[in-house]
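Asks: Coordinates in run.tsv, TSV, C-alpha atoms and all ligand atoms, are listed below.
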chain	number	residue	atom	x	y	z
A	128	MET	CA	-131.48	-105.88	22.82
A	129	ARG	CA	-128.47	-106.22	20.52
A	130	PRO	CA	-126.36	-103.08	20.83
A	131	ASP	CA	-125.76	-102.81	17.09
A	132	ALA	CA	-129.54	-102.76	16.56
A	133	LEU	CA	-129.94	-99.98	19.13
A	134	LEU	CA	-127.27	-97.74	17.58
A	135	TYR	CA	-125.21	-97.99	14.40
A	136	PRO	CA	-123.20	-95.76	12.06
A	137	ALA	CA	-125.16	-94.23	9.17
A	138	PRO	CA	-123.85	-91.69	6.65
A	139	GLU	CA	-125.37	-88.86	8.73
A	140	GLY	CA	-123.77	-90.10	11.96
A	141	LEU	CA	-124.60	-92.60	14.73
A	142	TYR	CA	-128.26	-93.57	14.33
A	143	CYS	CA	-130.78	-94.97	16.80
A	144	PRO	CA	-133.69	-96.32	14.70
A	145	GLU	CA	-135.97	-97.01	17.72
A	146	GLY	CA	-135.59	-93.45	18.93
A	147	GLY	CA	-135.50	-91.95	15.45
A	148	PHE	CA	-132.47	-89.82	16.33
A	149	TYR	CA	-128.84	-89.30	15.41
A	150	VAL	CA	-125.96	-88.40	17.73
A	151	ASP	CA	-123.75	-85.51	16.50
A	152	PRO	CA	-124.98	-85.86	12.90
A	153	VAL	CA	-122.76	-84.32	10.25
A	154	ARG	CA	-125.73	-83.58	7.96
A	155	PRO	CA	-129.06	-81.91	8.75
A	156	VAL	CA	-131.54	-84.42	10.25
A	157	GLU	CA	-135.02	-84.45	11.82
A	158	ARG	CA	-133.84	-85.23	15.37
A	159	ALA	CA	-130.29	-84.67	16.65
A	160	LEU	CA	-128.72	-85.33	20.06
A	161	VAL	CA	-125.58	-83.21	20.36
A	162	THR	CA	-122.69	-83.95	22.75
A	163	HIS	CA	-120.95	-80.55	22.66
A	164	GLY	CA	-120.55	-77.28	20.82
A	165	HIS	CA	-117.44	-77.92	18.68
A	166	SER	CA	-118.37	-77.29	15.07
A	167	ASP	CA	-117.67	-80.83	13.85
A	168	HIS	CA	-120.14	-82.24	16.42
A	169	ALA	CA	-122.73	-79.43	16.60
A	170	ARG	CA	-123.88	-78.40	13.14
A	171	PRO	CA	-126.69	-76.05	12.22
A	172	GLY	CA	-129.79	-76.99	10.23
A	173	HIS	CA	-131.36	-79.84	12.23
A	174	VAL	CA	-135.11	-79.74	12.95
A	175	ASN	CA	-135.03	-80.82	16.64
A	176	VAL	CA	-131.95	-80.60	18.82
A	177	LEU	CA	-131.60	-82.17	22.27
A	178	ALA	CA	-128.45	-81.07	24.15
A	179	THR	CA	-127.39	-79.50	27.44
A	180	ARG	CA	-128.52	-75.90	27.93
A	181	GLN	CA	-124.92	-74.70	27.60
A	182	THR	CA	-124.41	-76.56	24.33
A	183	LEU	CA	-127.67	-75.10	22.98
A	184	ASP	CA	-126.53	-71.61	24.06
A	185	ILE	CA	-123.15	-72.13	22.38
A	186	MET	CA	-124.82	-73.30	19.15
A	187	ARG	CA	-127.03	-70.19	19.23
A	188	LEU	CA	-123.98	-67.95	19.75
A	189	ARG	CA	-122.15	-69.52	16.83
A	190	TYR	CA	-124.98	-70.04	14.34
A	191	GLY	CA	-127.65	-67.54	15.34
A	192	GLU	CA	-131.25	-67.95	16.55
A	193	GLY	CA	-132.30	-70.12	13.62
A	194	PHE	CA	-129.74	-72.88	14.22
A	195	CYS	CA	-132.63	-75.36	14.54
A	196	VAL	CA	-136.45	-75.37	14.50
A	197	SER	CA	-137.01	-76.57	18.05
A	198	GLU	CA	-134.68	-77.30	20.94
A	199	GLN	CA	-134.86	-79.17	24.22
A	200	ALA	CA	-132.40	-78.82	27.09
A	201	ALA	CA	-131.22	-81.90	28.97
A	202	GLY	CA	-129.98	-81.56	32.55
A	203	PHE	CA	-127.05	-83.70	33.66
A	204	GLY	CA	-128.29	-87.03	34.99
A	205	GLU	CA	-131.92	-86.43	34.00
A	206	ASP	CA	-133.72	-89.40	32.37
A	207	LEU	CA	-135.58	-88.49	29.18
A	208	LEU	CA	-137.60	-90.60	26.78
A	209	VAL	CA	-137.21	-90.16	23.03
A	210	ASN	CA	-139.78	-92.33	21.23
A	211	GLY	CA	-139.53	-94.92	24.00
A	212	VAL	CA	-135.72	-94.92	24.20
A	213	LYS	CA	-134.26	-93.73	27.50
A	214	VAL	CA	-131.51	-91.13	27.09
A	215	SER	CA	-129.50	-89.20	29.66
A	216	PHE	CA	-126.64	-86.68	29.51
A	217	HIS	CA	-123.55	-86.83	31.76
A	218	PRO	CA	-120.52	-84.50	32.04
A	219	ALA	CA	-117.63	-85.27	29.65
A	220	GLY	CA	-115.04	-82.78	30.99
A	221	HIS	CA	-114.16	-81.63	27.46
A	222	VAL	CA	-115.51	-78.03	27.15
A	223	LEU	CA	-118.32	-76.05	28.81
A	224	GLY	CA	-121.61	-77.94	28.36
A	225	SER	CA	-119.97	-81.06	26.94
A	226	ALA	CA	-121.80	-84.31	27.64
A	227	GLN	CA	-121.65	-88.03	27.18
A	228	ILE	CA	-124.98	-89.45	26.09
A	229	ALA	CA	-126.31	-92.72	27.55
A	230	ILE	CA	-128.84	-94.53	25.36
A	231	GLU	CA	-130.83	-97.37	26.89
A	232	LYS	CA	-133.46	-99.83	25.75
A	233	ASN	CA	-134.54	-103.26	27.10
A	234	GLY	CA	-131.63	-103.48	29.53
A	235	THR	CA	-128.88	-102.53	27.04
A	236	ARG	CA	-127.03	-99.30	27.69
A	237	ILE	CA	-124.66	-97.61	25.25
A	238	VAL	CA	-122.65	-94.54	26.24
A	239	VAL	CA	-121.52	-92.17	23.49
A	240	SER	CA	-118.73	-90.20	25.11
A	241	GLY	CA	-118.31	-87.62	22.33
A	242	ASP	CA	-115.00	-85.92	23.12
A	243	TYR	CA	-113.85	-86.21	26.74
A	244	LYS	CA	-110.93	-85.75	29.06
A	245	ARG	CA	-110.05	-86.78	32.62
A	246	ARG	CA	-107.68	-83.97	33.67
A	247	PRO	CA	-109.06	-81.37	36.07
A	248	ASP	CA	-110.41	-78.34	34.19
A	249	PRO	CA	-112.14	-75.57	36.15
A	250	THR	CA	-113.83	-74.27	32.99
A	251	CYS	CA	-116.28	-77.18	32.74
A	252	ALA	CA	-117.97	-79.96	34.72
A	253	ALA	CA	-115.68	-82.94	35.35
A	254	TYR	CA	-116.08	-86.24	33.49
A	255	VAL	CA	-118.28	-88.76	35.28
A	256	PRO	CA	-117.85	-92.49	34.60
A	257	VAL	CA	-121.14	-94.04	33.46
A	258	ALA	CA	-121.48	-97.82	33.64
A	259	CYS	CA	-122.51	-99.31	30.30
A	260	ASP	CA	-122.56	-102.39	28.09
A	261	VAL	CA	-121.01	-100.56	25.16
A	262	PHE	CA	-118.67	-97.59	25.54
A	263	ILE	CA	-118.14	-95.50	22.44
A	264	THR	CA	-114.88	-93.61	22.67
A	265	GLU	CA	-112.94	-91.20	20.54
A	266	ALA	CA	-109.28	-91.96	19.86
A	267	THR	CA	-107.87	-88.56	18.90
A	268	PHE	CA	-104.68	-89.35	20.83
A	269	GLY	CA	-105.12	-93.11	20.62
A	270	LEU	CA	-101.49	-94.14	20.35
A	271	PRO	CA	-99.20	-95.19	23.22
A	272	VAL	CA	-96.76	-92.37	22.35
A	273	PHE	CA	-99.32	-89.76	23.42
A	274	HIS	CA	-98.76	-88.70	27.02
A	275	HIS	CA	-99.89	-85.18	27.78
A	276	PRO	CA	-97.80	-83.24	30.30
A	277	ASP	CA	-99.25	-81.33	33.24
A	278	PRO	CA	-100.95	-78.24	31.73
A	279	MET	CA	-99.66	-76.12	34.62
A	280	ASP	CA	-96.08	-76.93	33.57
A	281	GLU	CA	-96.93	-75.80	30.05
A	282	ILE	CA	-98.32	-72.51	31.37
A	283	GLY	CA	-95.06	-72.21	33.35
A	284	LYS	CA	-93.21	-72.24	30.01
A	285	LEU	CA	-95.35	-69.35	28.77
A	286	LEU	CA	-94.69	-67.35	31.96
A	287	ALA	CA	-90.94	-68.08	31.71
A	288	SER	CA	-90.94	-66.84	28.11
A	289	LEU	CA	-92.72	-63.63	29.16
A	290	ARG	CA	-89.98	-63.01	31.71
A	291	GLN	CA	-87.24	-63.83	29.20
A	292	PHE	CA	-88.67	-61.67	26.39
A	293	PRO	CA	-90.41	-58.78	28.14
A	294	GLU	CA	-90.57	-56.76	24.90
A	295	ARG	CA	-92.26	-59.36	22.76
A	296	THR	CA	-96.00	-59.79	22.33
A	297	HIS	CA	-96.86	-63.42	23.05
A	298	LEU	CA	-99.51	-64.56	20.57
A	299	VAL	CA	-101.14	-67.72	21.88
A	300	GLY	CA	-103.15	-69.64	19.28
A	301	ALA	CA	-106.06	-71.50	20.86
A	302	TYR	CA	-109.36	-72.94	19.67
A	303	ALA	CA	-112.15	-70.41	20.35
A	304	LEU	CA	-114.40	-72.81	22.27
A	305	GLY	CA	-112.84	-74.32	25.33
A	306	LYS	CA	-109.12	-74.05	24.78
A	307	ALA	CA	-108.94	-70.26	24.84
A	308	GLN	CA	-110.87	-70.04	28.11
A	309	ARG	CA	-108.88	-72.88	29.64
A	310	VAL	CA	-105.55	-71.21	28.79
A	311	ILE	CA	-106.80	-67.95	30.33
A	312	ARG	CA	-108.02	-69.74	33.46
A	313	LEU	CA	-104.69	-71.63	33.77
A	314	LEU	CA	-102.80	-68.32	33.51
A	315	ARG	CA	-104.96	-66.88	36.29
A	316	ASP	CA	-104.44	-69.98	38.45
A	317	ALA	CA	-100.68	-69.58	37.92
A	318	GLY	CA	-100.95	-66.07	39.38
A	319	TYR	CA	-100.89	-64.03	36.14
A	320	SER	CA	-103.05	-60.98	36.84
A	321	GLU	CA	-102.23	-58.65	33.90
A	322	PRO	CA	-105.01	-57.96	31.40
A	323	ILE	CA	-105.18	-60.62	28.69
A	324	TYR	CA	-105.95	-59.44	25.16
A	325	ILE	CA	-108.35	-61.47	23.06
A	326	HIS	CA	-108.98	-61.57	19.33
A	327	GLY	CA	-112.52	-60.58	18.25
A	328	ALA	CA	-113.31	-64.20	17.32
A	329	MET	CA	-113.00	-65.17	21.01
A	330	GLU	CA	-115.13	-62.42	22.51
A	331	LYS	CA	-118.63	-63.90	22.44
A	332	LEU	CA	-117.52	-67.25	23.85
A	333	CYS	CA	-115.32	-65.68	26.56
A	334	ASP	CA	-118.26	-63.46	27.58
A	335	TYR	CA	-120.47	-66.53	27.69
A	336	TYR	CA	-118.05	-68.43	29.94
A	337	VAL	CA	-117.85	-65.44	32.29
A	338	GLY	CA	-121.67	-65.28	32.34
A	339	GLU	CA	-121.69	-68.95	33.34
A	340	GLY	CA	-119.52	-68.18	36.36
A	341	ILE	CA	-116.04	-68.96	34.99
A	342	ASP	CA	-113.79	-66.15	36.23
A	343	LEU	CA	-111.33	-65.19	33.47
A	344	GLY	CA	-109.96	-61.99	35.04
A	345	GLU	CA	-109.53	-58.81	33.02
A	346	LEU	CA	-109.96	-59.36	29.26
A	347	LEU	CA	-109.41	-56.59	26.71
A	348	PRO	CA	-109.93	-56.55	22.94
A	349	ALA	CA	-106.72	-57.00	20.95
A	350	THR	CA	-107.61	-54.28	18.47
A	351	ILE	CA	-104.47	-52.53	17.39
A	352	GLU	CA	-106.19	-49.60	15.64
A	353	SER	CA	-107.42	-48.24	18.92
A	354	ARG	CA	-104.19	-48.75	20.79
A	355	ASP	CA	-100.60	-47.80	20.62
A	356	LYS	CA	-98.58	-50.81	19.42
A	357	SER	CA	-96.42	-50.48	22.50
A	358	ALA	CA	-99.46	-51.30	24.66
A	359	PHE	CA	-98.99	-54.92	23.64
A	360	LYS	CA	-95.30	-55.09	24.58
A	361	GLY	CA	-94.83	-58.15	26.74
A	362	ALA	CA	-98.56	-58.84	26.68
A	363	VAL	CA	-100.43	-62.09	26.13
A	364	VAL	CA	-102.79	-62.03	23.14
A	365	ILE	CA	-105.07	-65.03	22.58
A	366	GLY	CA	-106.63	-65.72	19.21
A	367	PRO	CA	-107.36	-68.42	16.65
A	368	SER	CA	-104.11	-69.77	15.18
A	369	SER	CA	-105.42	-68.86	11.70
A	370	ALA	CA	-105.37	-65.17	12.66
A	371	PHE	CA	-101.74	-65.41	13.70
A	372	ALA	CA	-100.72	-66.65	10.28
A	373	ASP	CA	-101.94	-63.48	8.53
A	374	ARG	CA	-101.14	-59.79	8.52
A	375	TRP	CA	-103.08	-59.18	11.72
A	376	ALA	CA	-100.27	-60.77	13.73
A	377	ARG	CA	-97.44	-58.83	12.14
A	378	ARG	CA	-98.75	-55.59	13.57
A	379	PHE	CA	-97.69	-56.59	17.05
A	380	ASN	CA	-94.36	-55.84	18.59
A	381	GLU	CA	-91.87	-58.66	17.78
A	382	PRO	CA	-94.66	-61.26	17.97
A	383	LEU	CA	-93.74	-64.57	19.56
A	384	PRO	CA	-96.05	-67.25	18.17
A	385	ALA	CA	-97.24	-69.86	20.68
A	386	PHE	CA	-99.93	-72.50	20.20
A	387	ALA	CA	-101.90	-74.43	22.82
A	388	SER	CA	-102.86	-77.86	21.51
A	389	GLY	CA	-102.38	-81.53	22.27
A	390	TRP	CA	-100.80	-81.73	18.83
A	391	MET	CA	-97.90	-79.59	19.97
A	392	MET	CA	-96.38	-82.85	21.22
A	393	VAL	CA	-95.58	-83.53	17.60
A	394	ARG	CA	-92.60	-81.33	16.85
A	395	GLN	CA	-93.27	-81.39	13.12
A	396	ARG	CA	-96.75	-79.90	13.60
A	397	ALA	CA	-95.34	-77.06	15.67
A	398	LYS	CA	-92.76	-76.39	12.98
A	399	GLN	CA	-95.40	-76.55	10.23
A	400	HIS	CA	-97.44	-73.86	11.98
A	401	GLY	CA	-94.38	-71.68	12.58
A	402	VAL	CA	-94.85	-72.04	16.33
A	403	GLU	CA	-91.95	-70.81	18.42
A	404	LEU	CA	-93.44	-71.80	21.77
A	405	PRO	CA	-95.49	-75.03	21.62
A	406	LEU	CA	-97.79	-75.55	24.64
A	407	VAL	CA	-99.06	-79.11	24.99
A	408	ILE	CA	-102.51	-78.45	26.43
A	409	SER	CA	-105.21	-80.82	25.30
A	410	ASP	CA	-108.96	-81.14	25.84
A	411	HIS	CA	-108.83	-84.81	24.91
A	412	CYS	CA	-107.66	-87.93	26.73
A	413	ASP	CA	-104.13	-89.08	26.12
A	414	TRP	CA	-103.33	-92.80	25.78
A	415	PRO	CA	-103.10	-93.53	29.55
A	416	GLU	CA	-106.43	-91.74	30.17
A	417	LEU	CA	-108.18	-93.59	27.33
A	418	THR	CA	-106.99	-96.99	28.53
A	419	GLU	CA	-107.60	-96.22	32.23
A	420	THR	CA	-111.15	-95.12	31.41
A	421	ILE	CA	-111.87	-98.37	29.57
A	422	ARG	CA	-110.32	-100.38	32.42
A	423	GLU	CA	-112.45	-98.51	34.94
A	424	LEU	CA	-115.73	-98.89	33.02
A	425	HIS	CA	-114.95	-102.42	31.88
A	426	PRO	CA	-117.78	-102.52	29.32
A	427	ALA	CA	-118.62	-105.68	27.40
A	428	GLU	CA	-117.75	-103.85	24.18
A	429	VAL	CA	-115.86	-100.77	23.05
A	430	TRP	CA	-116.58	-99.03	19.79
A	431	VAL	CA	-113.96	-96.55	18.65
A	432	THR	CA	-114.98	-93.51	16.63
A	433	HIS	CA	-112.72	-90.84	15.23
A	434	GLY	CA	-108.96	-90.64	15.57
A	435	ARG	CA	-106.39	-93.42	15.64
A	436	GLU	CA	-108.77	-96.33	16.02
A	437	GLU	CA	-106.64	-99.40	15.34
A	438	ALA	CA	-104.23	-99.21	18.29
A	439	LEU	CA	-107.04	-98.75	20.82
A	440	VAL	CA	-109.12	-101.56	19.28
A	441	ARG	CA	-106.09	-103.85	19.49
A	442	TRP	CA	-105.42	-102.82	23.11
A	443	CYS	CA	-109.04	-103.64	24.07
A	444	GLN	CA	-108.82	-107.04	22.41
A	445	LEU	CA	-105.64	-107.81	24.35
A	446	GLN	CA	-107.58	-107.01	27.54
A	447	GLY	CA	-110.29	-109.45	26.49
A	448	ILE	CA	-112.78	-106.68	25.66
A	449	LYS	CA	-114.65	-106.94	22.37
A	450	ALA	CA	-113.84	-103.88	20.27
A	451	LYS	CA	-114.34	-102.48	16.79
A	452	PRO	CA	-113.67	-99.28	14.88
A	453	LEU	CA	-116.75	-97.40	13.62
A	454	HIS	CA	-114.94	-95.41	10.93
A	455	LEU	CA	-117.15	-92.35	11.40
A	456	VAL	CA	-116.30	-89.56	9.02
A	457	GLY	CA	-116.64	-85.81	9.37
A	458	TYR	CA	-114.97	-85.36	12.76
A	459	GLU	CA	-111.68	-83.53	12.72
A	460	ASP	CA	-108.91	-83.84	15.21
A	461	GLU	CA	-107.18	-80.60	14.32
A	462	ALA	CA	-109.28	-78.53	16.66
A	463	ASP	CA	-108.06	-80.03	19.90
B	501	ZN	ZN	-114.61	-81.42	20.76
Starting from the file, give its structure as structure tokens.
Replies:
Amino acid sequence: MRPDALLYPAPEGLYCPEGGFYVDPVRPVERALVTHGHSDHARPGHVNVLATRQTLDIMRLRYGEGFCVSEQAAGFGEDLLVNGVKVSFHPAGHVLGSAQIAIEKNGTRIVVSGDYKRRPDPTCAAYVPVACDVFITEATFGLPVFHHPDPMDEIGKLLASLRQFPERTHLVGAYALGKAQRVIRLLRDAGYSEPIYIHGAMEKLCDYYVGEGIDLGELLPATIESRDKSAFKGAVVIGPSSAFADRWARRFNEPLPAFASGWMMVRQRAKQHGVELPLVISDHCDWPELTETIRELHPAEVWVTHGREEALVRWCQLQGIKAKPLHLVGYEDEAD
């Protein structure tokens, strides 16, 4: 079967007409397959949602019980049939519950990787390479200049800053799903055993991670009303970067704004956000990981979704692999 007849971009998202489903649709649809819980991929209002149990749980936490009409959980590696099309979910290593989705019909297999990364991350199942005819990849950091450093070295910078400025409250901006828990886990792995204070927006998801067996150590609410301001001296407070831009942040003792994101490689972005301590910690592949993944899978074709598509398409073509950009809209790269 021709791959572009099995799956193609529609205004709602990637569409499989044989199976009557969309992958990560950006508008409400009858049947949605969802790769992971980030809000640009997992939206409320679909009728049927097929996703991993953890992604379904995360959608429920974020959108409430009525996030869809009916749901079905897919186990990793389990073969399912959707209107005669074989689909299976495989770990993507991006955030808890994140999956790549393999779609197969008449001997043609397409893998939609969603967002993925190859670096070790104890807060989610590790990426598994899935052989395919067509590999659909993101290209958030799809330029040769993007090389992410070792996240442990970045955490080392945070610990060094805490030693250097023992009076200052270190406010670490991090995306609520995935990044916040990863930063906490990295701190623990680096031997940091003090309580870590979390903004209210992080609580439900941190609790959920802990419930799923991810040890995050002692977490306390970063509510200043109930505490003496001095309690936060030299402490680590984790919250959404948006919260650190408003009055909430100014109540802390000499706050030192940090931000954990792959985008912190770009000095201008750090400056724009008023970040004093940029931490380059990404939940996406950098350029070497993207290209190594494609080399390893060696699919007949690569389709590139959101991000910097052109450079990766060109790289594939130079390797003799057919490639094209899909120009999907509605997926942000800011969240990394
Ligand atoms: Zn994501």
Asks: When you count only C-alpha atoms, which of these residues is closest to Arg170 in chain A: A:Glu321, A:Asp316, A:Gly457, A:Glu428?
Replies: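 Of the candidates, the smallest distance to Arg170 in chain A is held by A:Gly457.
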Asks: Counting all atoms listed in the file, which residues of chain A fall within 9 Å of ligand ZN 501 (chain B), and what is the closest atom pair for each with its distance in Å at one decimal, ordered by chain and rising number, as JSON lines?
Replies:
{"residue": "A:Thr162", "atom": "CA", "partner": "B:ZN501", "partner_atom": "ZN", "distance": 8.7}
{"residue": "A:His163", "atom": "CA", "partner": "B:ZN501", "partner_atom": "ZN", "distance": 6.7}
{"residue": "A:Gly164", "atom": "CA", "partner": "B:ZN501", "partner_atom": "ZN", "distance": 7.2}
{"residue": "A:His165", "atom": "CA", "partner": "B:ZN501", "partner_atom": "ZN", "distance": 5.0}
{"residue": "A:Ser166", "atom": "CA", "partner": "B:ZN501", "partner_atom": "ZN", "distance": 8.0}
{"residue": "A:Asp167", "atom": "CA", "partner": "B:ZN501", "partner_atom": "ZN", "distance": 7.6}
{"residue": "A:His168", "atom": "CA", "partner": "B:ZN501", "partner_atom": "ZN", "distance": 7.1}
{"residue": "A:His221", "atom": "CA", "partner": "B:ZN501", "partner_atom": "ZN", "distance": 6.7}
{"residue": "A:Val222", "atom": "CA", "partner": "B:ZN501", "partner_atom": "ZN", "distance": 7.3}
{"residue": "A:Ser225", "atom": "CA", "partner": "B:ZN501", "partner_atom": "ZN", "distance": 8.2}
{"residue": "A:Gly241", "atom": "CA", "partner": "B:ZN501", "partner_atom": "ZN", "distance": 7.4}
{"residue": "A:Asp242", "atom": "CA", "partner": "B:ZN501", "partner_atom": "ZN", "distance": 5.1}
{"residue": "A:Tyr243", "atom": "CA", "partner": "B:ZN501", "partner_atom": "ZN", "distance": 7.7}
{"residue": "A:Leu304", "atom": "CA", "partner": "B:ZN501", "partner_atom": "ZN", "distance": 8.7}
{"residue": "A:Gly305", "atom": "CA", "partner": "B:ZN501", "partner_atom": "ZN", "distance": 8.6}
{"residue": "A:Asp410", "atom": "CA", "partner": "B:ZN501", "partner_atom": "ZN", "distance": 7.6}
{"residue": "A:His411", "atom": "CA", "partner": "B:ZN501", "partner_atom": "ZN", "distance": 7.9}
{"residue": "A:Tyr458", "atom": "CA", "partner": "B:ZN501", "partner_atom": "ZN", "distance": 8.9}
{"residue": "A:Glu459", "atom": "CA", "partner": "B:ZN501", "partner_atom": "ZN", "distance": 8.8}
{"residue": "A:Asp460", "atom": "CA", "partner": "B:ZN501", "partner_atom": "ZN", "distance": 8.3}
{"residue": "A:Ala462", "atom": "CA", "partner": "B:ZN501", "partner_atom": "ZN", "distance": 7.3}
{"residue": "A:Asp463", "atom": "CA", "partner": "B:ZN501", "partner_atom": "ZN", "distance": 6.8}
Asks: Enter the distance from CA of Ala362 in chain A to CA of Cys251 in chain A, in Å, rounded to one decimal.
Replies: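 These two atoms are separated by 26.2 Å.
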Asks: Extract, using only C-alpha atoms, all DNA, RNA and protein residues at most 9 Å from Gly147 in chain A, discarding same-chain residues fewer than 5 positions from it, and format them as a ChimeraX atom specification.
Replies: /A:142,157-158,209-210
Asks: At a cut-off of 6 Å, using all atoms listed in the file, what residues contact Gly269 in chain A? Leave out same-chain residues fewer than 6 positions from it and give the result as a PDB file with C-alpha atoms, keeping the file's coordinate frame.
Replies:
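Produced file around14.pdb, reproduced below:
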ATOM      1  CA  TRP A 414    -103.330 -92.800  25.780  1.00  0.00           C
ATOM      2  CA  ARG A 435    -106.390 -93.420  15.640  1.00  0.00           C
ATOM      3  CA  LEU A 439    -107.040 -98.750  20.820  1.00  0.00           C
TER       4      LEU A 439
END
Asks: Please return, as number ranges by chain, all polymer residues that have at least one atom within 8 Å of the point (-111.4, -101.5, 21.2); use only C-alpha atoms and the file's own coordinate frame.
Replies: A: 428-431, 436-437, 439-444, 448-452
Asks: Please save C-alpha atoms of the selected residues as a tab-separated table (two decimals), keeping the file's coordinate frame.
Replies:
chain	number	residue	atom	x	y	z
A	428	GLU	CA	-117.75	-103.85	24.18
A	429	VAL	CA	-115.86	-100.77	23.05
A	430	TRP	CA	-116.58	-99.03	19.79
A	431	VAL	CA	-113.96	-96.55	18.65
A	436	GLU	CA	-108.77	-96.33	16.02
A	437	GLU	CA	-106.64	-99.40	15.34
A	439	LEU	CA	-107.04	-98.75	20.82
A	440	VAL	CA	-109.12	-101.56	19.28
A	441	ARG	CA	-106.09	-103.85	19.49
A	442	TRP	CA	-105.42	-102.82	23.11
A	443	CYS	CA	-109.04	-103.64	24.07
A	444	GLN	CA	-108.82	-107.04	22.41
A	448	ILE	CA	-112.78	-106.68	25.66
A	449	LYS	CA	-114.65	-106.94	22.37
A	450	ALA	CA	-113.84	-103.88	20.27
A	451	LYS	CA	-114.34	-102.48	16.79
A	452	PRO	CA	-113.67	-99.28	14.88
Asks: Would you compute the box with edges along x, y and z of the file around range 305-316 of chain A, including every atom the file lists for it and 8 Å extra on each side, and give its centre and edge lengths in Å to one decimal, as JSON?
Replies:
{"center_x": -107.8, "center_y": -70.6, "center_z": 31.6, "size_x": 26.0, "size_y": 23.4, "size_z": 29.7}
Asks: I'd like the interatomic distance between CA of Leu208 in chain A and CA of Leu455 in chain A, to a tenth of an Å.
Replies: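 CA of Leu455 in chain A lies 25.6 Å from CA of Leu208 in chain A.
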Asks: Go ahead and compute the interatomic distance for CA of Gly389 in chain A and CA of Val407 in chain A, in Å to one decimal.
Replies: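 Distance between the two atoms: 4.9 Å.
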Asks: Counting all atoms listed in the file, which of A:Ala397, A:Tyr335, A:His433, A:Arg290 gets nearest to Met186 in chain A?
Replies: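 Nearest candidate to Met186 in chain A out of A:Ala397, A:Tyr335, A:His433, A:Arg290: A:Tyr335.
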Asks: Could you pull the residues within 9 Å of Glu281 in chain A, counting all atoms listed in the file, minus those fewer than 2 positions along the same chain, as number ranges by chain?
Replies: A: 276-279, 283-286, 387, 405-408
Asks: Please, which residues in range 307-383 of chain A fall within 12 Å of range 187-197 of chain A when counting all atoms listed in the file, and what is the closest atom pair and distance in Å to one decimal for each, ordered by chain then residue number, as a tab-separated table?
Replies:
residue	atom	partner	partner_atom	distance
A:Ala328	CA	A:Arg189	CA	10.3
A:Met329	CA	A:Arg189	CA	11.0
A:Glu330	CA	A:Leu188	CA	10.8
A:Lys331	CA	A:Leu188	CA	7.2
A:Leu332	CA	A:Leu188	CA	7.7
A:Cys333	CA	A:Leu188	CA	11.2
A:Asp334	CA	A:Leu188	CA	10.7
A:Tyr335	CA	A:Leu188	CA	8.8
A:Tyr336	CA	A:Leu188	CA	11.8
Asks: Looking at A:His173, A:Arg295, A:Arg129, A:Lys244, which one is nearest to Pro384 in chain A, with distances taken over all atoms listed in the file?
Replies: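 Ranked by minimum distance to Pro384 in chain A, first place goes to A:Arg295.
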Asks: Residues at most 7 Å from Gly361 in chain A, counting only C-alpha atoms, excluding those fewer than 5 positions away in the same chain, as a PyMOL selection string?
Replies: chain A and resi 289+293-297
Asks: Output requested as a CSV table (one decimal), in the frame of the given file - range 211-221 of chain A, filled out with N, CA and C atoms.
Replies:
chain,number,residue,atom,x,y,z
A,211,GLY,N,-139.6,-93.7,23.2
A,211,GLY,CA,-139.5,-94.9,24.0
A,211,GLY,C,-138.1,-95.3,24.3
A,212,VAL,N,-137.1,-94.6,23.9
A,212,VAL,CA,-135.7,-94.9,24.2
A,212,VAL,C,-135.3,-94.0,25.3
A,213,LYS,N,-134.7,-94.6,26.4
A,213,LYS,CA,-134.3,-93.7,27.5
A,213,LYS,C,-132.9,-93.1,27.2
A,214,VAL,N,-132.8,-91.8,27.3
A,214,VAL,CA,-131.5,-91.1,27.1
A,214,VAL,C,-131.2,-90.2,28.3
A,215,SER,N,-129.9,-90.1,28.6
A,215,SER,CA,-129.5,-89.2,29.7
A,215,SER,C,-128.1,-88.6,29.3
A,216,PHE,N,-127.9,-87.4,29.8
A,216,PHE,CA,-126.6,-86.7,29.5
A,216,PHE,C,-125.8,-86.6,30.8
A,217,HIS,N,-124.5,-86.8,30.6
A,217,HIS,CA,-123.6,-86.8,31.8
A,217,HIS,C,-122.3,-86.1,31.4
A,218,PRO,N,-121.7,-85.3,32.4
A,218,PRO,CA,-120.5,-84.5,32.0
A,218,PRO,C,-119.4,-85.3,31.4
A,219,ALA,N,-118.7,-84.6,30.4
A,219,ALA,CA,-117.6,-85.3,29.6
A,219,ALA,C,-116.3,-84.6,29.9
A,220,GLY,N,-116.3,-83.4,30.6
A,220,GLY,CA,-115.0,-82.8,31.0
A,220,GLY,C,-114.2,-82.2,29.8
A,221,HIS,N,-114.9,-82.0,28.7
A,221,HIS,CA,-114.2,-81.6,27.5
A,221,HIS,C,-114.2,-80.1,27.3
